[in-house]
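Pasted below: structure.cif, mmCIF, C-alpha atoms.
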data_run
loop_
_atom_site.label_atom_id
_atom_site.label_comp_id
_atom_site.auth_asym_id
_atom_site.auth_seq_id
_atom_site.Cartn_x
_atom_site.Cartn_y
_atom_site.Cartn_z
CA MET G 1 0.00 0.00 0.00
CA PRO G 2 2.87 2.50 0.49
CA ALA G 3 3.67 2.31 -3.24
CA ALA G 4 -0.01 2.79 -4.10
CA HIS G 5 -0.09 5.84 -1.81
CA VAL G 6 2.96 7.39 -3.53
CA ALA G 7 1.56 6.69 -6.99
CA ARG G 8 -1.80 8.29 -6.16
CA ASN G 9 -0.57 11.23 -4.12
CA GLY G 10 2.40 12.10 -6.29
CA PHE G 11 6.16 12.17 -6.19
CA THR G 12 8.77 14.65 -7.35
CA VAL G 13 10.35 14.15 -10.77
CA THR G 14 14.02 13.64 -9.95
CA GLN G 15 17.02 14.31 -12.11
CA ASP G 16 17.34 10.57 -12.79
CA LEU G 17 13.70 10.25 -13.87
CA ALA G 18 13.97 13.33 -16.10
CA ARG G 19 17.11 11.86 -17.71
CA TYR G 20 15.46 8.45 -18.24
CA MET G 21 12.42 10.05 -19.85
CA ALA G 22 14.61 12.12 -22.19
CA SER G 23 16.60 9.02 -23.09
CA ALA G 24 13.43 7.01 -23.80
CA ILE G 25 12.27 9.49 -26.44
CA SER G 26 15.66 10.44 -27.89
CA GLY G 27 15.39 10.36 -31.67
CA ILE G 28 11.80 9.12 -31.74
CA ASP G 29 8.29 10.50 -31.44
CA ASN G 30 7.57 11.79 -27.94
CA PHE G 31 5.10 9.08 -26.96
CA PHE G 32 4.94 10.49 -23.43
CA VAL G 33 3.04 13.45 -24.86
CA ASN G 34 1.55 12.09 -28.09
CA ASP G 35 0.19 8.72 -26.93
CA PRO G 36 -2.89 9.28 -24.74
CA THR G 37 -2.17 6.18 -22.66
CA TRP G 38 1.24 7.55 -21.62
CA ALA G 39 0.21 11.20 -21.57
CA ILE G 40 -2.24 10.65 -18.70
CA ASP G 41 0.75 10.23 -16.38
CA PHE G 42 3.67 11.86 -18.18
CA ALA G 43 1.99 14.87 -19.80
CA PRO G 44 -1.28 15.49 -17.92
CA ASN G 45 -1.42 19.15 -19.02
CA GLY G 46 -0.25 18.56 -22.60
CA THR G 47 3.45 18.99 -21.84
CA MET G 48 5.81 16.42 -20.39
CA VAL G 49 6.47 16.63 -16.66
CA GLN G 50 9.81 18.24 -15.87
CA LEU G 51 12.42 18.16 -13.15
CA ASN G 52 10.90 18.99 -9.73
CA ASP G 53 7.30 18.69 -10.99
CA THR G 54 4.94 16.44 -9.04
CA MET G 55 3.99 13.38 -11.04
CA TYR G 56 0.98 11.16 -10.36
CA ARG G 57 0.40 7.53 -11.40
CA LYS G 58 -3.20 7.13 -10.21
CA ARG G 59 -4.06 4.16 -12.43
CA TYR G 60 -0.95 2.35 -11.23
CA GLY G 61 -1.91 3.13 -7.63
CA ASP G 62 -5.38 1.68 -8.28
CA THR G 63 -3.83 -1.47 -9.76
CA LEU G 64 -1.50 -1.92 -6.81
CA GLU G 65 -4.36 -1.47 -4.34
CA THR G 66 -6.57 -3.94 -6.20
CA VAL G 67 -3.85 -6.60 -6.16
CA ALA G 68 -3.09 -5.88 -2.49
CA ARG G 69 -6.76 -6.27 -1.54
CA TYR G 70 -7.77 -9.18 -3.75
CA GLY G 71 -4.51 -11.05 -4.38
CA ALA G 72 -2.69 -12.08 -7.52
CA GLN G 73 -5.84 -13.41 -9.18
CA ALA G 74 -7.04 -9.82 -9.50
CA PHE G 75 -4.19 -9.34 -11.96
CA TYR G 76 -4.85 -12.53 -13.96
CA ASN G 77 -8.65 -12.25 -14.15
CA GLY G 78 -11.18 -9.45 -14.30
CA ALA G 79 -10.78 -5.81 -15.23
CA ILE G 80 -6.98 -5.59 -14.90
CA ALA G 81 -6.52 -8.64 -17.12
CA GLN G 82 -9.01 -7.33 -19.72
CA THR G 83 -7.33 -3.92 -19.85
CA THR G 84 -3.87 -5.48 -20.13
CA ILE G 85 -4.85 -7.84 -22.94
CA ALA G 86 -6.71 -5.09 -24.83
CA ALA G 87 -3.60 -2.87 -24.69
CA LEU G 88 -1.32 -5.70 -25.80
CA GLN G 89 -3.58 -6.72 -28.67
CA LYS G 90 -3.96 -3.08 -29.77
CA ALA G 91 -0.16 -3.05 -30.13
CA ASN G 92 -0.31 -6.25 -32.25
CA GLY G 93 0.45 -8.53 -29.29
CA THR G 94 -0.85 -12.07 -29.30
CA MET G 95 -1.46 -12.71 -25.59
CA THR G 96 -5.01 -13.68 -24.67
CA LEU G 97 -7.11 -13.75 -21.51
CA ASP G 98 -6.68 -17.54 -21.51
CA ASP G 99 -2.90 -17.05 -21.45
CA LEU G 100 -3.24 -14.98 -18.27
CA ARG G 101 -5.78 -17.35 -16.70
CA ASN G 102 -3.56 -20.37 -17.39
CA TYR G 103 -0.32 -18.76 -16.21
CA SER G 104 1.36 -20.38 -13.24
CA VAL G 105 4.19 -18.89 -11.26
CA SER G 106 7.40 -20.86 -10.89
CA VAL G 107 9.31 -20.00 -7.75
CA MET G 108 13.00 -20.80 -8.16
CA SER G 109 15.72 -20.66 -5.57
CA PRO G 110 18.07 -17.72 -6.05
CA SER G 111 21.72 -18.19 -6.98
CA GLN G 112 24.55 -16.70 -4.96
CA ILE G 113 28.26 -16.09 -5.33
CA THR G 114 30.92 -14.35 -3.34
CA TYR G 115 32.61 -11.55 -5.24
CA ARG G 116 35.53 -9.89 -3.48
CA ASP G 117 34.09 -10.56 -0.04
CA PHE G 118 30.58 -9.47 -1.07
CA LYS G 119 27.70 -11.91 -1.31
CA ILE G 120 25.75 -11.35 -4.53
CA THR G 121 22.31 -12.90 -4.93
CA SER G 122 20.52 -13.06 -8.24
CA THR G 123 17.80 -14.92 -10.08
CA SER G 124 18.48 -18.42 -11.33
CA ALA G 125 17.82 -19.89 -14.75
CA PRO G 126 15.97 -19.34 -16.98
CA SER G 127 16.55 -15.64 -16.30
CA SER G 128 19.93 -14.03 -16.95
CA GLY G 129 20.91 -13.84 -13.30
CA GLU G 130 23.27 -16.80 -13.72
CA VAL G 131 24.95 -14.98 -16.59
CA VAL G 132 25.57 -11.91 -14.45
CA LEU G 133 27.00 -14.04 -11.64
CA SER G 134 29.28 -15.84 -14.08
CA VAL G 135 30.56 -12.53 -15.46
CA MET G 136 31.26 -11.29 -11.95
CA LYS G 137 33.26 -14.43 -11.08
CA ILE G 138 35.31 -14.10 -14.28
CA ILE G 139 36.20 -10.44 -13.81
CA GLU G 140 36.93 -11.01 -10.14
CA GLY G 141 40.28 -12.40 -11.25
CA TYR G 142 41.41 -9.02 -12.61
CA ASP G 143 42.50 -6.67 -9.82
CA ASP G 144 42.66 -3.66 -12.15
CA ILE G 145 39.20 -4.06 -13.70
CA GLY G 146 37.43 -0.73 -14.08
CA GLN G 147 40.37 1.50 -13.22
CA ALA G 148 40.87 4.57 -15.41
CA ALA G 149 44.37 3.48 -16.46
CA THR G 150 43.07 0.12 -17.70
CA LEU G 151 39.77 1.22 -19.21
CA ASN G 152 40.38 -0.32 -22.65
CA ILE G 153 41.56 -3.70 -21.41
CA SER G 154 38.87 -3.71 -18.71
CA THR G 155 36.21 -3.13 -21.36
CA HIS G 156 37.67 -5.93 -23.47
CA ARG G 157 37.76 -8.31 -20.50
CA LEU G 158 34.19 -7.48 -19.55
CA ASP G 159 33.05 -8.05 -23.15
CA GLU G 160 34.80 -11.42 -23.31
CA ALA G 161 33.45 -12.41 -19.88
CA MET G 162 29.92 -11.68 -21.12
CA ARG G 163 30.48 -13.74 -24.28
CA PHE G 164 31.77 -16.64 -22.23
CA ALA G 165 28.97 -16.39 -19.67
CA TYR G 166 26.29 -16.37 -22.36
CA GLY G 167 28.03 -19.38 -23.90
CA GLU G 168 27.80 -21.15 -20.54
CA ALA G 169 24.11 -20.29 -20.36
CA SER G 170 23.44 -21.86 -23.75
CA HIS G 171 25.05 -25.13 -22.57
CA PRO G 172 23.93 -25.37 -18.95
CA SER G 173 25.39 -27.89 -16.56
CA PRO G 174 23.86 -28.89 -13.23
CA CYS G 175 26.28 -26.46 -11.54
CA PRO G 176 27.34 -23.45 -13.65
CA ARG G 177 31.11 -23.03 -13.96
CA SER G 178 30.87 -19.66 -12.25
CA ARG G 179 29.91 -21.49 -9.07
CA GLN G 180 31.91 -24.71 -9.55
CA ARG G 181 35.05 -22.85 -8.53
CA LYS G 182 33.67 -22.26 -5.04
CA GLY G 183 31.11 -25.06 -5.00
CA CYS G 184 27.44 -24.83 -5.89
CA SER G 185 25.23 -23.05 -3.36
#
Go ahead and render the structure in this file as structure tokens.
Amino acid sequence: MPAAHVARNGFTVTQDLARYMASAISGIDNFFVNDPTWAIDFAPNGTMVQLNDTMYRKRYGDTLETVARYGAQAFYNGAIAQTTIAALQKANGTMTLDDLRNYSVSVMSPSQITYRDFKITSTSAPSSGEVVLSVMKIIEGYDDIGQAATLNISTHRLDEAMRFAYGEASHPSPCPRSRQRKGCS
């Protein structure tokens, strides 16, 4: 309910949010203003909200409250589901109400590694959390990674670590190599 309260009662547009909005429309049509669905929240007076303006997300607040009161099924059935599917199909999506009704959540155990004395927890397969953890274990071996003097080689090492980690992900083993070094946990 705290998030619903903030969405309904407004929050200040921060520098980060203003930058993200500008980035989202860079070089394309300003959908925040020109698409009525987005404009309700991002351009309620016909112009895009700016730094330090108060922004409201009343529909989002309503959605959060509905799910809080009536549980997850309120999202998969009823008005929220119908609105979601209508919006997706309007944008040429193929999801149906039956897809939402038949969806079942899979709860997976998270994966963890130790990276330079920090415990990092991420999602497990099939998401890309395992890839991120693998990359972190690979670059852990380079003491100078990310330093200004080694920016070029650090970038190269990071790129190669990502290639390798995605390669691991496409040929999964019961215990990803990133965690075999310290034992699976």
**Request:** Identify the residues within 10 Å of coordinate (-0.8, 6.8, -13.5) (same frame as the file), considering all atoms listed in the file, and give the answer as a VMD selection string.
**Result:** chain G and resid 7 to 8 10 37 to 42 44 55 to 63
Would you mind exporting C-alpha atoms of the selected residues as a PDB file, keeping the file's coordinate frame?
ATOM      1  CA  ALA G   7       1.560   6.690  -6.990  1.00  0.00           C
ATOM      2  CA  ARG G   8      -1.800   8.290  -6.160  1.00  0.00           C
ATOM      3  CA  GLY G  10       2.400  12.100  -6.290  1.00  0.00           C
ATOM      4  CA  THR G  37      -2.170   6.180 -22.660  1.00  0.00           C
ATOM      5  CA  TRP G  38       1.240   7.550 -21.620  1.00  0.00           C
ATOM      6  CA  ALA G  39       0.210  11.200 -21.570  1.00  0.00           C
ATOM      7  CA  ILE G  40      -2.240  10.650 -18.700  1.00  0.00           C
ATOM      8  CA  ASP G  41       0.750  10.230 -16.380  1.00  0.00           C
ATOM      9  CA  PHE G  42       3.670  11.860 -18.180  1.00  0.00           C
ATOM     10  CA  PRO G  44      -1.280  15.490 -17.920  1.00  0.00           C
ATOM     11  CA  MET G  55       3.990  13.380 -11.040  1.00  0.00           C
ATOM     12  CA  TYR G  56       0.980  11.160 -10.360  1.00  0.00           C
ATOM     13  CA  ARG G  57       0.400   7.530 -11.400  1.00  0.00           C
ATOM     14  CA  LYS G  58      -3.200   7.130 -10.210  1.00  0.00           C
ATOM     15  CA  ARG G  59      -4.060   4.160 -12.430  1.00  0.00           C
ATOM     16  CA  TYR G  60      -0.950   2.350 -11.230  1.00  0.00           C
ATOM     17  CA  GLY G  61      -1.910   3.130  -7.630  1.00  0.00           C
ATOM     18  CA  ASP G  62      -5.380   1.680  -8.280  1.00  0.00           C
ATOM     19  CA  THR G  63      -3.830  -1.470  -9.760  1.00  0.00           C
TER      20      THR G  63
END
**Message:** Just checking: using only C-alpha atoms, which residue out of G:Phe11, G:Phe32, G:Tyr70, G:Tyr103 ends up closest to Asp53 of chain G?
**Reply:**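 Closest candidate: G:Phe11.
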**Atomic distance atom CA of Thr114 of chain G - atom CA of Lys137 of chain G, expressed in Å with one decimal** = 8.1 Å
**Message:** Would you pick out the contacts of segment 110-113 of chain G at 8 Å or less, using only C-alpha atoms, so that residues sharing its chain but fewer than 3 positions from it are not included, and give the list as a list in words?
**Reply:** Lys119, Ile120, Thr121, Ser122, Thr123, Ser124, Gly129, Glu130, Leu133, Lys137, Arg179 and Ser185 of chain G
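Using all atoms listed in the file for every distance, the candidate list G:Glu160, G:Ala18, G:Tyr142, G:Ser23 yields G:Ala18 as the residue closest to Val49 of chain G.
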**Item:** Among the residues G:Ala68, G:Asn52, G:Arg101, G:Ile145, the one that comes closest to Gln82 of chain G [using all atoms listed in the file]
**Value:**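 With all atoms listed in the file as the atom set, the closest residue is G:Arg101.
You can rank G:Ala86, G:Ile139, G:Leu51, G:Ala169 by their closest distance to Ala125 of chain G using all atoms listed in the file, and at the top of that list sits G:Ala169.
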**Message:** Just want the 10 Å neighbourhood of Gln50 of chain G, counted on only C-alpha atoms, with same-chain residues fewer than 6 positions away dropped. Output as a list in words.
**Reply:**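 Near neighbours after the sequence-gap exclusion: Thr12, Val13, Thr14, Gln15, Leu17, Ala18, Arg19, Met21, Phe42 and Ala43 of chain G.
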Store the residues picked out above, limited to C-alpha atoms, as a compact mmCIF listing (two decimals), keeping the file's coordinate frame.
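File produced: part_24.txt:
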# COMPACT_ATOMS: atom_id res chain seq x y z
CA THR G 12 8.77 14.65 -7.35
CA VAL G 13 10.35 14.15 -10.77
CA THR G 14 14.02 13.64 -9.95
CA GLN G 15 17.02 14.31 -12.11
CA LEU G 17 13.70 10.25 -13.87
CA ALA G 18 13.97 13.33 -16.10
CA ARG G 19 17.11 11.86 -17.71
CA MET G 21 12.42 10.05 -19.85
CA PHE G 42 3.67 11.86 -18.18
CA ALA G 43 1.99 14.87 -19.80
